[in-house]
Every structure is written in C-alpha cells, then in structure tokens.
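Q: File follows, structure-v4.txt with compact mmCIF, C-alpha atoms and all ligand atoms:
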```txt
# COMPACT_ATOMS: atom_id res chain seq x y z
CA MET A 1225 -4.81 -21.60 -9.44
CA THR A 1226 -2.84 -19.38 -7.10
CA THR A 1227 -0.24 -20.97 -4.90
CA ARG A 1228 2.17 -19.32 -2.49
CA GLY A 1229 5.14 -19.57 -4.85
CA GLN A 1230 3.28 -18.83 -8.07
CA ARG A 1231 4.80 -16.40 -10.53
CA TYR A 1232 3.12 -15.01 -13.62
CA ASP A 1233 4.79 -13.97 -16.85
CA ALA A 1234 3.30 -10.64 -17.86
CA VAL A 1235 3.69 -8.00 -20.55
CA VAL A 1236 3.12 -4.25 -20.27
CA ALA A 1237 0.25 -3.48 -22.64
CA GLN A 1238 -0.27 0.23 -21.85
CA ARG A 1239 1.39 3.03 -19.95
CA GLU A 1240 -0.38 6.25 -18.98
CA GLU A 1241 0.80 9.21 -16.90
CA LEU A 1242 -2.02 9.97 -14.45
CA SER A 1243 -0.04 12.81 -12.86
CA PRO A 1244 3.65 13.87 -12.75
CA ARG A 1245 4.33 11.26 -10.05
CA LEU A 1246 1.83 8.50 -10.84
CA VAL A 1247 2.01 6.18 -13.84
CA ARG A 1248 -0.65 3.62 -14.70
CA LEU A 1249 0.58 0.34 -16.16
CA VAL A 1250 -1.90 -2.04 -17.74
CA LEU A 1251 -0.42 -5.53 -17.78
CA SER A 1252 -1.49 -8.60 -19.64
CA VAL A 1253 -1.11 -11.44 -17.13
CA PRO A 1254 -2.41 -14.77 -18.47
CA GLY A 1255 -3.96 -16.88 -15.72
CA PHE A 1256 -3.88 -14.16 -13.05
CA THR A 1257 -5.97 -14.99 -9.98
CA SER A 1258 -7.22 -12.17 -7.78
CA THR A 1259 -7.85 -12.64 -4.06
CA GLY A 1260 -10.85 -10.33 -4.46
CA VAL A 1261 -9.67 -8.36 -1.41
CA PRO A 1262 -9.42 -4.65 -2.29
CA ASP A 1263 -5.93 -3.93 -0.88
CA GLU A 1264 -4.37 -6.95 -2.63
CA TRP A 1265 -0.84 -6.53 -3.88
CA VAL A 1266 1.59 -8.36 -6.12
CA GLY A 1267 5.36 -8.51 -6.34
CA LEU A 1268 6.79 -7.02 -9.54
CA VAL A 1269 10.14 -7.95 -11.07
CA VAL A 1270 11.12 -5.66 -13.92
CA PRO A 1271 13.44 -6.51 -16.84
CA GLY A 1272 17.08 -7.14 -15.99
CA GLN A 1273 16.38 -7.24 -12.24
CA PHE A 1274 15.88 -9.96 -9.67
CA GLN A 1275 14.65 -7.83 -6.76
CA VAL A 1276 10.92 -7.62 -6.11
CA ARG A 1277 8.93 -4.45 -5.42
CA TYR A 1278 5.30 -4.54 -4.27
CA TYR A 1279 2.32 -2.90 -5.96
CA THR A 1280 -1.41 -2.82 -5.28
CA VAL A 1281 -3.69 -4.32 -7.88
CA ARG A 1282 -5.70 -1.21 -8.71
CA SER A 1283 -8.08 -3.30 -10.80
CA ASN A 1284 -8.27 -6.68 -12.47
CA ASP A 1285 -10.44 -7.89 -15.29
CA GLY A 1286 -9.62 -11.37 -16.57
CA ASP A 1287 -5.97 -11.38 -17.65
CA GLU A 1288 -5.70 -7.59 -17.35
CA VAL A 1289 -4.04 -6.22 -14.20
CA VAL A 1290 -3.70 -2.49 -13.55
CA LEU A 1291 -0.91 -1.16 -11.31
CA ASP A 1292 -0.50 2.54 -10.44
CA VAL A 1293 3.19 3.16 -9.83
CA VAL A 1294 4.63 6.13 -7.93
CA ILE A 1295 7.57 7.79 -9.66
CA HIS A 1296 9.73 9.12 -6.85
CA GLU A 1297 13.24 10.57 -6.97
CA GLU A 1298 15.17 7.38 -7.71
CA GLY A 1299 14.54 3.68 -7.54
CA LEU A 1300 14.63 0.44 -9.38
CA VAL A 1301 11.01 0.34 -10.54
CA THR A 1302 10.87 4.16 -10.60
CA ALA A 1303 13.64 4.27 -13.24
CA TRP A 1304 11.94 1.60 -15.34
CA ALA A 1305 8.33 2.85 -15.12
CA GLY A 1306 9.43 6.47 -15.54
CA ALA A 1307 10.32 5.70 -19.15
CA ASP A 1308 8.48 3.96 -21.98
CA CYS A 1309 8.10 0.33 -20.91
CA VAL A 1310 5.25 -0.79 -23.18
CA GLY A 1311 5.98 -4.26 -24.56
CA ASP A 1312 8.39 -5.13 -21.73
CA ALA A 1313 8.12 -8.59 -20.16
CA VAL A 1314 7.87 -8.59 -16.34
CA ILE A 1315 7.14 -11.13 -13.62
CA LEU A 1316 4.35 -10.85 -11.05
CA THR A 1317 4.06 -12.88 -7.87
CA ALA A 1318 0.74 -14.23 -6.58
CA ALA A 1319 -1.62 -11.68 -5.02
CA GLN A 1320 -1.83 -11.33 -1.25
CA ALA A 1321 -4.04 -9.07 0.84
CA SER A 1322 -4.58 -7.67 4.31
CA TYR A 1323 -7.81 -5.59 4.44
CA SER A 1324 -10.24 -7.24 6.82
CA PRO A 1325 -12.89 -5.09 8.51
CA PRO A 1326 -14.49 -6.83 11.48
CA ALA A 1327 -18.08 -7.97 11.19
CA GLY A 1328 -20.27 -5.19 12.54
CA ALA A 1329 -17.89 -2.36 11.61
CA ALA A 1330 -20.06 0.77 11.22
CA TRP A 1331 -17.47 2.97 9.49
CA LEU A 1332 -14.14 2.97 7.69
CA MET A 1333 -11.17 5.30 8.06
CA LEU A 1334 -8.48 5.14 5.37
CA VAL A 1335 -5.20 7.04 5.67
CA GLY A 1336 -2.26 6.94 3.31
CA ASP A 1337 0.24 8.61 1.05
CA LEU A 1338 0.53 8.35 -2.73
CA THR A 1339 1.67 4.70 -2.57
CA ALA A 1340 -1.53 3.87 -0.67
CA LEU A 1341 -3.87 5.82 -2.96
CA PRO A 1342 -4.50 2.84 -5.31
CA ALA A 1343 -5.56 0.66 -2.38
CA MET A 1344 -7.67 3.41 -0.81
CA ALA A 1345 -9.43 3.99 -4.13
CA ARG A 1346 -10.17 0.29 -4.58
CA ILE A 1347 -11.34 -0.11 -0.97
CA ALA A 1348 -13.56 2.98 -1.25
CA GLY A 1349 -15.05 1.63 -4.47
CA SER A 1350 -15.87 -1.70 -2.88
CA THR A 1351 -17.50 -0.75 0.43
CA SER A 1352 -20.93 0.49 1.42
CA LEU A 1353 -19.70 1.65 4.85
CA PRO A 1354 -19.47 5.42 5.53
CA THR A 1355 -15.84 6.19 4.73
CA ARG A 1356 -13.41 8.96 5.63
CA ILE A 1357 -10.11 9.26 3.76
CA TRP A 1358 -6.95 11.25 4.50
CA ALA A 1359 -4.72 11.25 1.41
CA GLU A 1360 -1.26 12.84 1.56
CA VAL A 1361 -0.26 13.29 -2.08
CA PRO A 1362 1.99 15.77 -3.90
CA ASP A 1363 -0.03 15.94 -7.15
CA ASP A 1364 -3.61 17.00 -7.91
CA LEU A 1365 -5.38 13.63 -8.04
CA SER A 1366 -8.80 14.80 -6.86
CA GLY A 1367 -10.52 12.82 -9.63
CA TYR A 1368 -8.74 9.58 -8.71
CA LEU A 1369 -10.95 8.49 -5.81
CA PRO A 1370 -14.50 7.24 -6.39
CA PRO A 1371 -17.35 9.54 -5.28
CA GLY A 1372 -18.82 8.97 -1.83
CA PRO A 1373 -16.13 9.16 0.85
CA ASP A 1374 -15.42 12.32 2.81
CA VAL A 1375 -11.84 13.08 1.66
CA THR A 1376 -9.20 15.30 3.25
CA TRP A 1377 -6.33 16.03 0.83
CA LEU A 1378 -2.99 16.75 2.49
CA THR A 1379 0.29 17.94 0.99
CA PRO A 1380 3.50 16.13 2.03
CA PRO A 1381 5.93 18.40 3.93
CA ALA A 1382 8.64 17.75 1.30
CA GLU A 1383 9.50 15.32 -1.49
CA GLY A 1384 9.71 11.83 -0.03
CA GLN A 1385 8.49 12.91 3.41
CA SER A 1386 5.27 12.37 5.33
CA ARG A 1387 3.53 13.73 8.41
CA LEU A 1388 0.69 11.24 8.52
CA ALA A 1389 1.50 10.12 12.06
CA GLU A 1390 0.90 13.65 13.36
CA VAL A 1391 -2.34 13.89 11.35
CA VAL A 1392 -3.72 10.64 12.77
CA GLN A 1393 -2.89 11.66 16.32
CA GLN A 1394 -5.25 14.64 15.84
CA ILE A 1395 -8.17 12.84 14.20
CA ASP A 1396 -11.62 13.03 15.81
CA TRP A 1397 -12.74 9.44 15.86
CA PRO A 1398 -16.34 8.51 14.99
CA GLU A 1399 -18.59 6.93 17.60
CA GLY A 1400 -19.03 3.18 17.63
CA ASP A 1401 -16.95 0.37 16.19
CA GLY A 1402 -15.27 0.64 12.84
CA TYR A 1403 -12.12 -0.24 10.93
CA PHE A 1404 -8.98 1.84 10.49
CA TRP A 1405 -6.71 1.08 7.49
CA MET A 1406 -3.47 2.93 6.89
CA ALA A 1407 -0.37 2.54 4.70
CA GLY A 1408 2.64 4.61 3.79
CA GLU A 1409 6.15 5.41 5.00
CA SER A 1410 7.29 2.83 7.53
CA ALA A 1411 8.49 5.09 10.36
CA GLN A 1412 5.16 6.94 10.28
CA MET A 1413 3.30 3.64 10.39
CA ARG A 1414 5.34 2.38 13.33
CA ALA A 1415 4.45 5.54 15.29
CA ILE A 1416 0.77 5.04 14.50
CA ARG A 1417 0.76 1.40 15.56
CA LYS A 1418 2.06 2.53 18.95
CA HIS A 1419 -0.54 5.31 19.14
CA LEU A 1420 -3.41 2.95 18.32
CA MET A 1421 -2.22 0.29 20.76
CA ARG A 1422 -1.16 2.48 23.69
CA GLU A 1423 -3.34 5.56 23.51
CA ARG A 1424 -6.46 4.54 21.64
CA ARG A 1425 -6.26 0.94 22.91
CA LEU A 1426 -7.96 -0.38 19.80
CA PRO A 1427 -8.44 -4.13 19.54
CA ASN A 1428 -6.15 -5.72 16.92
CA ALA A 1429 -9.04 -6.60 14.62
CA ALA A 1430 -10.06 -2.93 14.40
CA TYR A 1431 -7.03 -1.76 12.41
CA ASP A 1432 -4.39 -2.54 9.79
CA VAL A 1433 -1.31 -0.32 9.55
CA MET A 1434 1.24 -1.20 6.87
CA GLY A 1435 4.68 0.16 6.04
CA TYR A 1436 4.76 0.37 2.23
CA TRP A 1437 8.16 2.03 1.85
CA ARG A 1438 11.04 3.29 3.93
CA ALA A 1439 12.54 6.78 3.74
CA VAL A 1440 16.30 6.29 4.13
CA SER A 1441 19.22 8.51 3.31
CA ALA A 1442 22.30 6.37 3.88
CA ARG A 1443 21.21 2.81 4.61
CA GLN A 1444 18.90 0.96 2.24
CA PRO A 1445 16.34 -1.37 3.82
CA ARG A 1446 16.84 -5.02 3.07
CA THR A 1447 14.50 -6.38 0.45
CA VAL A 1448 12.37 -8.96 2.21
CA ASP A 1449 9.47 -10.90 0.74
CA PRO A 1450 6.44 -10.25 3.02
CA GLY A 1451 4.80 -13.49 1.80
CA PRO A 1452 6.62 -16.00 4.03
CA ILE A 1453 6.42 -13.63 7.03
CA TRP A 1454 2.69 -13.28 6.47
CA GLN A 1455 2.18 -17.05 6.17
CA ALA A 1456 4.31 -17.84 9.22
CA GLY A 1457 2.62 -15.11 11.27
CA LYS A 1458 -0.87 -16.34 10.38
CA ALA A 1459 0.13 -19.95 11.10
CA SER A 1460 1.38 -18.95 14.57
CA GLY A 1461 -1.77 -16.92 15.34
CA LYS A 1462 -0.16 -13.47 15.20
CA SER A 1463 -2.36 -10.43 14.63
CA ASP A 1464 -1.98 -8.40 11.41
CA GLN A 1465 -0.23 -5.68 13.41
CA GLU A 1466 2.29 -8.12 14.82
CA ILE A 1467 2.92 -9.49 11.33
CA TRP A 1468 3.50 -6.04 9.80
CA ALA A 1469 5.77 -5.14 12.72
CA ALA A 1470 7.74 -8.37 12.07
CA TYR A 1471 7.99 -7.38 8.37
CA ASP A 1472 9.42 -3.97 9.31
CA GLU A 1473 11.89 -5.63 11.68
CA ALA A 1474 13.02 -8.12 9.00
CA ARG A 1475 13.68 -5.19 6.66
CA GLY A 1476 15.77 -3.46 9.31
CA VAL A 1477 13.28 -0.62 9.71
C1 LIG C 1501 1.80 -4.19 0.16
C2 LIG C 1501 2.40 -3.01 -0.60
C3 LIG C 1501 1.65 -2.35 -1.58
C4 LIG C 1501 2.21 -1.27 -2.29
N1 LIG C 1501 1.47 -0.65 -3.27
C5 LIG C 1501 2.05 0.33 -4.02
C6 LIG C 1501 1.35 0.93 -5.13
O1 LIG C 1501 0.23 0.55 -5.48
N2 LIG C 1501 1.99 1.91 -5.83
C7 LIG C 1501 3.27 2.33 -5.51
O2 LIG C 1501 3.81 3.19 -6.20
N3 LIG C 1501 3.93 1.80 -4.46
C8 LIG C 1501 3.37 0.81 -3.73
N4 LIG C 1501 4.07 0.26 -2.69
C9 LIG C 1501 5.37 0.85 -2.33
C10 LIG C 1501 6.51 0.43 -3.25
O3 LIG C 1501 6.67 -0.99 -3.19
C11 LIG C 1501 7.82 1.12 -2.76
O4 LIG C 1501 7.67 2.52 -2.82
C12 LIG C 1501 9.04 0.66 -3.55
O5 LIG C 1501 10.18 0.83 -2.74
C13 LIG C 1501 9.25 1.43 -4.84
O6 LIG C 1501 10.28 0.80 -5.54
P1 LIG C 1501 11.38 1.56 -6.38
O7 LIG C 1501 12.12 0.44 -7.05
O8 LIG C 1501 10.77 2.63 -7.24
O9 LIG C 1501 12.31 2.28 -5.31
P2 LIG C 1501 13.42 1.57 -4.41
O10 LIG C 1501 14.57 1.09 -5.27
O11 LIG C 1501 12.75 0.55 -3.57
O12 LIG C 1501 13.91 2.75 -3.47
C14 LIG C 1501 14.89 3.72 -3.88
C15 LIG C 1501 14.93 4.86 -2.88
O13 LIG C 1501 13.69 5.55 -2.91
C16 LIG C 1501 13.09 5.59 -1.62
N5 LIG C 1501 11.64 5.35 -1.83
C17 LIG C 1501 11.04 4.16 -2.05
N6 LIG C 1501 9.72 4.34 -2.23
C18 LIG C 1501 9.50 5.68 -2.14
C19 LIG C 1501 8.34 6.47 -2.24
N7 LIG C 1501 7.15 5.93 -2.50
N8 LIG C 1501 8.47 7.81 -2.11
C20 LIG C 1501 9.69 8.39 -1.87
N9 LIG C 1501 10.83 7.67 -1.75
C21 LIG C 1501 10.73 6.32 -1.88
C22 LIG C 1501 13.75 4.49 -0.83
O14 LIG C 1501 13.85 4.85 0.52
C23 LIG C 1501 15.12 4.39 -1.44
O15 LIG C 1501 15.99 5.29 -0.82
C24 LIG C 1501 3.53 -0.83 -1.98
C25 LIG C 1501 4.28 -1.51 -1.00
C26 LIG C 1501 3.74 -2.59 -0.32
C27 LIG C 1501 4.57 -3.32 0.73
```
Let's see the structure in the file written out as structure tokens.
A:
Amino acid sequence: MTTRGQRYDAVVAQREELSPRLVRLVLSVPGFTSTGVPDEWVGLVVPGQFQVRYYTVRSNDGDEVVLDVVIHEEGLVTAWAGADCVGDAVILTAAQASYSPPAGAAWLMLVGDLTALPAMARIAGSTSLPTRIWAEVPDDLSGYLPPGPDVTWLTPPAEGQSRLAEVVQQIDWPEGDGYFWMAGESAQMRAIRKHLMRERRLPNAAYDVMGYWRAVSARQPRTVDPGPIWQAGKASGKSDQEIWAAYDEARGV
C-alpha cells in the first residue's frame, strides 16, 4: 500500500554507466507500489544524508525499480552515484506523478534536458499518440528512446546550461488539440509557462511544465518536498501549472 508518508528501504543491486553523464541504478525495493503514470518520480535519500533528491522511475517490475541518474559537476547524489554504490542501502519515498493528457488529445509534445530523458522515454514507450520529442542532452544517447517518436536532439550551450525556452518559443505547433509535457532547468521552465499562458493561451489541462533542477552559482535553492505542495494544491483545486509554480516559489526559484 502506498501512503503519502510511505518510505521504502532499498538496496542498490546494479550500477551501469549508460553514458559519461548518465548512470543507471537498479534498486531492490521490497513492497514498492507504482502509480502506473509514466512520469512518476520518487524521493531518494542516499547513505549518510537526510536531504531528498527526486528521480523518475524509469521502469518498475515487482520489487525492482530502475532510476537513471545524471552525473553533473557536483552534488549530493551526483557524488554518491558517480562512484561504486552497489550494495548501499538507500531510502525511497512513495511515487508521485504529474503526466495527464486530456481526453481527446491527438498528439504529444515532449521537451526536456537530460534529467527529463528518463520520463520522456517512459512516456514515449507508453503512448500510442503521435509524439514529437526535443531532447537537450550532452551525451550521445540516441539509442535511449524507444522507436516511434520524431526526435530532435539538441546540444546544451554549456555544461549545466539550457536553451530549451528559446527552442520552445520557435516550435511549429501541430493542428488540433494535444498535450505538451516539459521538464528541466527551473528558470527555463518558468519562461515557458509564461509563454504558454500569455502567448499561446493554452488551457491548463493542455500542458505540464516542471522545474526539475535549478542552475545556481552562489545561492543554493532550498530543498522542499513537492509532495505536500502537490497535495495541498490539488485539494484547493489548483491547476498543475499553479502547483509547479508554487513549488518553484517555495524553493526560492
Ligand atoms: C519530479 C522530478 C523528477 C526528476 N527526475 C530525474 C531523473 O530521472 N534523473 C535525474 O538525474 N534527475 C532528475 N531530477 C532532477 C534531480 O532531482 C536534480 O538534478 C538534483 O538536484 C540532483 O541532485 P544532486 O544531489 O546530484 O545535486 P544537488 O546537490 O541537488 O545540486 C548541486 C549543484 O548542482 C546543480 N545541479 C543540480 N542538478 C543539476 C543538473 N541536472 N545539471 C547541472 N547542474 C545541476 C545545482 O544547481 C547545485 O548548484 C528530477 C527532479 C524532479 C523534481
């Protein structure tokens, strides 16, 4: 049973380097319950730490949970997953999810950086809708996505930077109603939320735009659990966009 406060004890069973910046961790998580929603994520607490970082469930089969972890320049999970961690005991929080295409959506557009690639791959592997993907990744991961979608591979302007907002502002949108899903660096996502609301005037149900990480030089964002913000937002009838904006605000983005 999954409850809001549930935590799972887990052990790293395998570690595999998919590319210089992407490491696959296969975890053994007894009793894990998936939401079944393809962008679901869990909180991860690594040994000797109390802070949580969030990772997409790339796949789940029984007690086995696969997370694909970006190794960036420095970071709490980065430092741990960058080295041999097989056999380590970790804690996972209950899975939560956001992806929710409206009934009648005729197409999907997925946009994201390397942190969003696991979710985009799982979404693409679970939909029968015609799908376009824009993936901004520094490594050659052309074999990572399932066959089918029309994919545009983009290179980030520099390590730890993104220009996805500019890319989305130039997209030719398909005819008809669809669903736009996007995740990546928070400032880029905030710009896109404004673009979709003010210029494209999309209804809230037609898109999800999520800040997955924050590029900062001096000030670190506060670590804030999105779970309670999500629950409170849903309970008060907020749209997904309003909830993700509230999450960014709580983190001081
Ligand atoms: C719902 C959700 C799903 C996510 N799914 C995934 C996933 O499947 N795989 C994944 O790798 N990440 C995912 N992320 C992003 C991940 O949680 C963050 O990148 C996290 O900050 C990484 O933790 P860390 O301990 O390595 O670095 P931190 O200790 O958090 O950060 C250290 C420094 O690195 C910077 N930084 C953080 N992340 C990045 C980055 N990605 N690139 C460059 N610089 C960065 C920070 O600004 C900070 O200055 C997801 C986030 C959310 C909210």
Q: Using only C-alpha atoms and all ligand atoms, find each protein or nucleic acid residue lying at most 8 Å from ligand LIG 1501 (chain C); present the set as number ranges by chain.
A: A: 1246, 1263-1266, 1277-1282, 1291-1303, 1321, 1338-1343, 1383-1385, 1408-1409, 1434-1445, 1450
Q: With a distance cut-off of 12 Å and all atoms listed in the file, select the neighbouring residues of Gly1229 of chain A, excluding the residue or stretch itself and same-chain residues fewer than 6 positions from it, and output the selection as a tab-separated table (two decimals) with C-alpha atoms, in the frame of the given file.
A:
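Final output, around23.tsv:
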```
chain	number	residue	atom	x	y	z
A	1266	VAL	CA	1.59	-8.36	-6.12
A	1267	GLY	CA	5.36	-8.51	-6.34
A	1316	LEU	CA	4.35	-10.85	-11.05
A	1317	THR	CA	4.06	-12.88	-7.87
A	1318	ALA	CA	0.74	-14.23	-6.58
A	1319	ALA	CA	-1.62	-11.68	-5.02
A	1320	GLN	CA	-1.83	-11.33	-1.25
A	1449	ASP	CA	9.47	-10.90	0.74
A	1451	GLY	CA	4.80	-13.49	1.80
A	1452	PRO	CA	6.62	-16.00	4.03
A	1455	GLN	CA	2.18	-17.05	6.17
```
Q: Using all atoms listed in the file, determine which residues lie at most 10 Å from Asp1363 of chain A, disregarding the query and same-chain residues fewer than 6 positions distant; provide the list as a ChimeraX atom specification.
A: /A:1242-1246,1338,1379-1380
Q: Point out the residue among A:Gly1336, A:Met1413, A:Gly1461, A:Glu1390 with the least atom-to-atom distance to Thr1376 of chain A, counting only C-alpha atoms.
A: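 Of all the options, A:Gly1336 lies closest to Thr1376 of chain A.
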Q: In Å, rounded to a single decimal, give me how far atom CA of Leu1388 of chain A is from atom CA of Gln1412 of chain A.
A: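 Atom CA of Leu1388 of chain A lies 6.4 Å from atom CA of Gln1412 of chain A.
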Q: Atom CA of Asp1337 of chain A and atom CA of Thr1447 of chain A, how far apart in Å?
A: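 Those two atoms sit 20.7 Å apart.
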Q: Considering only C-alpha atoms, can you say which of A:Lys1418, A:Thr1259, A:Ala1234, A:Leu1268 comes closest to Gly1311 of chain A?
A: A:Ala1234
Q: Which one of A:Gly1286, A:Pro1427, A:Gly1402, A:Pro1326 sits closest to Leu1251 of chain A if you count all atoms listed in the file?
A: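 For Leu1251 of chain A, the nearest of the given residues is A:Gly1286.
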Q: Would you compute the distance between atom CA of Ala1330 of chain A and atom CA of Ile1357 of chain A? Give it in Å to one decimal.
A: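 Value for the atom CA of Ala1330 of chain A-atom CA of Ile1357 of chain A distance: 15.1 Å.
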Q: Rank A:Leu1249, A:Val1477, A:Leu1332, A:Val1448 by their smallest atom-to-atom distance to Ser1350 of chain A, using only C-alpha atoms, and report the top residue only.
A: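 With only C-alpha atoms as the atom set, the closest residue is A:Leu1332.
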Q: Find the residue from A:Ser1252, A:Val1261, A:Asp1308, A:Pro1325 that sits nearest to Glu1240 of chain A; use all atoms listed in the file when measuring.
A: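 Going through A:Ser1252, A:Val1261, A:Asp1308, A:Pro1325 one by one, the smallest distance to Glu1240 of chain A is for A:Asp1308.
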Q: So, with only C-alpha atoms as the atoms that count, which of A:Gly1457, A:Gly1349, A:Pro1271, A:Pro1362 lies closest to Tyr1471 of chain A?
A: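 Closest residue, counting only C-alpha atoms: A:Gly1457.
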